[in-house]
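> I am attaching a structure below and will ask some questions about it afterwards.
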Amino acid sequence: MDVRSPGEFAKGHWPGAINLPLFSDQERAEVGTIYKQRGRRQAIQRGLAITGPKLADLSEGLQRCVNTNSDSALRLYCWRGGMRSGSLAWLADLVDLKPVLLDGGYKSYRRWVLERFEQIWPLRLLAGRTGTGKTDLLLALARRGVAVVDLEGLAHHRGSSFGGLGMPPQPSTEHYENRLAEVLERCRKEAAQEIWLEAESSRVGRCNIPAALFKQMQAAPLLEIRRTLQERVDRLVDVYGLQGRELLQAATLRISKRLGPQRTQQAMDALEIDRWDLACEAMLDYYDRCYDSELARDPDRNSADLAGFGCDEAAAMLLEKGLMRPCSGSPQGDTPLKITAY
C-alpha cells in the first residue's frame, strides 16, 4: 500500500500497489512549504491537524485492503519510509493489522529498479517488418513457457505513429521502468536462459527504454520473422481498421514529412474511402525501407519464414526447431511467466 499523495503515485509506484494517501497533493505541498519555512515541528503540527479528522477513514481503508488480500501481509511505504508510512503503520498496528514497512520507502525501491538494468541479461530480439505480428508471437511463446518481456504491452503503445490508437493511457517513463524491472526479475526467478523482446527503438511512444537495457538490446542476437505482404496488410487492418477514419488520418499526417507528399496523398485518399488496406500498402514501403536499413547492421541474423502460420502454430514451430527455449523453471506446457502489466 502506497501512502504517498495521488500525484506521487501517478508518477510511479510499486506495480500492484494500492494508493491510500495520507495527504492530498495540495496538503503535501502545504506541509512541505511549512517545513521549509518554519521547521519540522510546525510541519508535524500541521500534518497532525490535517490527518486527525481522516483517521477513521484511513483505518477503514487499511482494513479493506487486508480483507481484500487476506493471504498476504499489509505492506506500507511512502517516499523514504519515514513519517507518512510510520504514521499509518501506527494506525494499522492500533487495529491489529500487523503492518510491515518497506525500509527506505519508494526511494529504495527505485534504486532496486535501476540496478536491474545494470545487470547483464540473456536478451534475444525478435525482429520483423511492420505487420508480421511480433507482439502476438511473443505472447504465444510466453504461453509456452518462453521468457518474454512485452515492451509494447508494458508501455501501452505499439511503437509507431499509430501505436497509441485503441490503447490505454501510457504510464510515465518512471513507472514503465518499474514494470520492466518486475518482469525481468520474474524472468530471473524462472531461471530464464533466454529473454525475448521485440526489436524496438529507444522509445515506445513516450516511454523511454532504460539506456543500460537498450545498450544490451543493441548487442543481443536477433531472429527475424517473415510473412507475405498480404498477411501483413491483413494483420494491420485487423489491428487498426476499427479505429476510425479521423484518428487514422491524423496519425498519417503526423508522419507526412517522412512519407513524402505522394505516399501521404495515396494513404489519405485511401482512408477517405475507408480502404485501410490500400493506405497500409502506401505506407509500408516507407516503414520497410526504415526497417531494412536498421536490419542491415546485423547481416548474420537468423530468420524464420512464418508465412501461412498462425501465432500459436508459429510459436510451436520455433520451439520445435530449437530457435527458442522455454525457461527451465517453467517447462513447456506449464503455467507461463506472467507478463501482464498492472
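Ordered as shown in the C-alpha cells, chains take letters A, B, and onward, while each chain numbers its residues from 1 and ligands are numbered from 1 in the order shown.
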Would you mind listing what lies within 12 Å of Gly310 (chain A) as a PDB file with C-alpha atoms, in the first residue's frame, with only C-alpha atoms counted and same-chain residues fewer than 4 positions away left out?

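Okay, this is what ended up in part11.pdb:
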ATOM      1  CA  THR A 132       4.481  -9.523 -39.084  1.00  0.00           C
ATOM      2  CA  GLY A 133       2.782  -9.920 -35.686  1.00  0.00           C
ATOM      3  CA  LYS A 134       5.839  -9.861 -33.470  1.00  0.00           C
ATOM      4  CA  ASP A 136       1.288 -11.616 -30.806  1.00  0.00           C
ATOM      5  CA  LEU A 137       4.005 -14.174 -31.449  1.00  0.00           C
ATOM      6  CA  ALA A 140       2.073 -17.045 -27.848  1.00  0.00           C
ATOM      7  CA  ARG A 227       5.439 -13.021 -43.687  1.00  0.00           C
ATOM      8  CA  GLU A 231      -0.573 -11.270 -44.473  1.00  0.00           C
ATOM      9  CA  ARG A 235      -2.986  -8.056 -39.832  1.00  0.00           C
ATOM     10  CA  ASP A 305       9.580 -17.788 -42.656  1.00  0.00           C
ATOM     11  CA  LEU A 306       6.200 -17.895 -40.892  1.00  0.00           C
ATOM     12  CA  ALA A 314       4.452 -20.367 -35.385  1.00  0.00           C
ATOM     13  CA  ALA A 315       5.396 -20.433 -31.705  1.00  0.00           C
ATOM     14  CA  ALA A 316       5.236 -24.226 -31.651  1.00  0.00           C
ATOM     15  CA  MET A 317       7.361 -24.423 -34.794  1.00  0.00           C
TER      16      MET A 317
END
> Could you pull out the strand (DSSP E) residues of region 48-157 of chain A from DSSP and send them as a PDB file with N, CA and C atoms, in the first residue's frame?

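The new file out_28.pdb reads:
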ATOM      1  N   ARG A  75       1.667  -4.361   3.680  1.00  0.00           N
ATOM      2  CA  ARG A  75       2.974  -3.741   3.467  1.00  0.00           C
ATOM      3  C   ARG A  75       2.773  -2.276   3.107  1.00  0.00           C
ATOM      4  N   LEU A  76       3.451  -1.397   3.816  1.00  0.00           N
ATOM      5  CA  LEU A  76       3.274   0.043   3.647  1.00  0.00           C
ATOM      6  C   LEU A  76       4.586   0.690   3.214  1.00  0.00           C
ATOM      7  N   VAL A 100       3.880  -4.201   7.818  1.00  0.00           N
ATOM      8  CA  VAL A 100       5.304  -4.308   7.518  1.00  0.00           C
ATOM      9  C   VAL A 100       5.692  -3.072   6.723  1.00  0.00           C
ATOM     10  N   LEU A 101       6.813  -2.433   7.091  1.00  0.00           N
ATOM     11  CA  LEU A 101       7.265  -1.222   6.404  1.00  0.00           C
ATOM     12  C   LEU A 101       8.402  -1.546   5.438  1.00  0.00           C
ATOM     13  N   LEU A 123      19.513 -11.475 -23.249  1.00  0.00           N
ATOM     14  CA  LEU A 123      18.479 -10.941 -24.135  1.00  0.00           C
ATOM     15  C   LEU A 123      18.572 -11.541 -25.533  1.00  0.00           C
ATOM     16  N   ARG A 124      17.406 -11.720 -26.152  1.00  0.00           N
ATOM     17  CA  ARG A 124      17.274 -12.126 -27.546  1.00  0.00           C
ATOM     18  C   ARG A 124      16.203 -11.234 -28.163  1.00  0.00           C
ATOM     19  N   LEU A 125      16.422 -10.822 -29.405  1.00  0.00           N
ATOM     20  CA  LEU A 125      15.476  -9.912 -30.055  1.00  0.00           C
ATOM     21  C   LEU A 125      14.703 -10.611 -31.162  1.00  0.00           C
ATOM     22  N   LEU A 126      13.404 -10.313 -31.211  1.00  0.00           N
ATOM     23  CA  LEU A 126      12.555 -10.768 -32.294  1.00  0.00           C
ATOM     24  C   LEU A 126      12.298  -9.583 -33.215  1.00  0.00           C
ATOM     25  N   ALA A 127      12.712  -9.705 -34.465  1.00  0.00           N
ATOM     26  CA  ALA A 127      12.581  -8.617 -35.430  1.00  0.00           C
ATOM     27  C   ALA A 127      11.683  -9.051 -36.579  1.00  0.00           C
ATOM     28  N   VAL A 148       9.558 -13.831 -21.755  1.00  0.00           N
ATOM     29  CA  VAL A 148       9.244 -12.742 -22.672  1.00  0.00           C
ATOM     30  C   VAL A 148       9.069 -11.449 -21.898  1.00  0.00           C
ATOM     31  N   VAL A 149       9.578 -10.357 -22.448  1.00  0.00           N
ATOM     32  CA  VAL A 149       9.289  -9.015 -21.951  1.00  0.00           C
ATOM     33  C   VAL A 149       8.537  -8.282 -23.059  1.00  0.00           C
TER      34      VAL A 149
END
> Please extract the residues of region 152-286 of chain A with a backbone DSSP assignment of helix (DSSP H, G or I) and present them as a PyMOL selection string.
chain A and resi 152-155+173-189+211-218+229-240+245-254+256-259+261-272+276-286
> Given only C-alpha atoms as the basis, pick out the residue of A:Arg226, A:Lys257, A:His175, A:Arg116 nearest to Gly16 (chain A).
A:His175
> I want to know what sits within 8 Å of region 40-44 of chain A, based on only C-alpha atoms, with residues of the same chain fewer than 6 positions away left out; could you give that as a list in words?
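Here the qualifying residues turn out to be Val31, Gly32 and Ile34 of chain A.
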> Any chance you could export the current selection's C-alpha atoms as an mmCIF file, in the first residue's frame?

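Final file, again.cif:
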data_model
loop_
_atom_site.group_PDB
_atom_site.id
_atom_site.type_symbol
_atom_site.label_atom_id
_atom_site.label_comp_id
_atom_site.auth_asym_id
_atom_site.auth_seq_id
_atom_site.Cartn_x
_atom_site.Cartn_y
_atom_site.Cartn_z
ATOM 1 C CA VAL A 31 3.165 20.697 4.800
ATOM 2 C CA GLY A 32 6.339 20.778 2.712
ATOM 3 C CA ILE A 34 5.783 24.867 6.259
#
> A:Ala92, A:Leu180, A:Ala56, A:Ala142: which is nearest Phe117 (chain A), counting only C-alpha atoms?
A:Leu180
> Would you kindly return, as an NGL selection string, each protein, DNA or RNA residue with an atom no farther than 12 Å from any atom of Arg84 (chain A), considering only C-alpha atoms and excluding same-chain residues fewer than 4 positions away?
:A and (1-5 or 20-23 or 28 or 31 or 44 or 47-48 or 51 or 76-80 or 88-91 or 101-102 or 105-106)
> A:Met83, A:Ala199, A:Ala73, A:Leu248: which is nearest Leu97 (chain A), counting only C-alpha atoms?
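Ranked by minimum distance to Leu97 (chain A), first place goes to A:Ala73.
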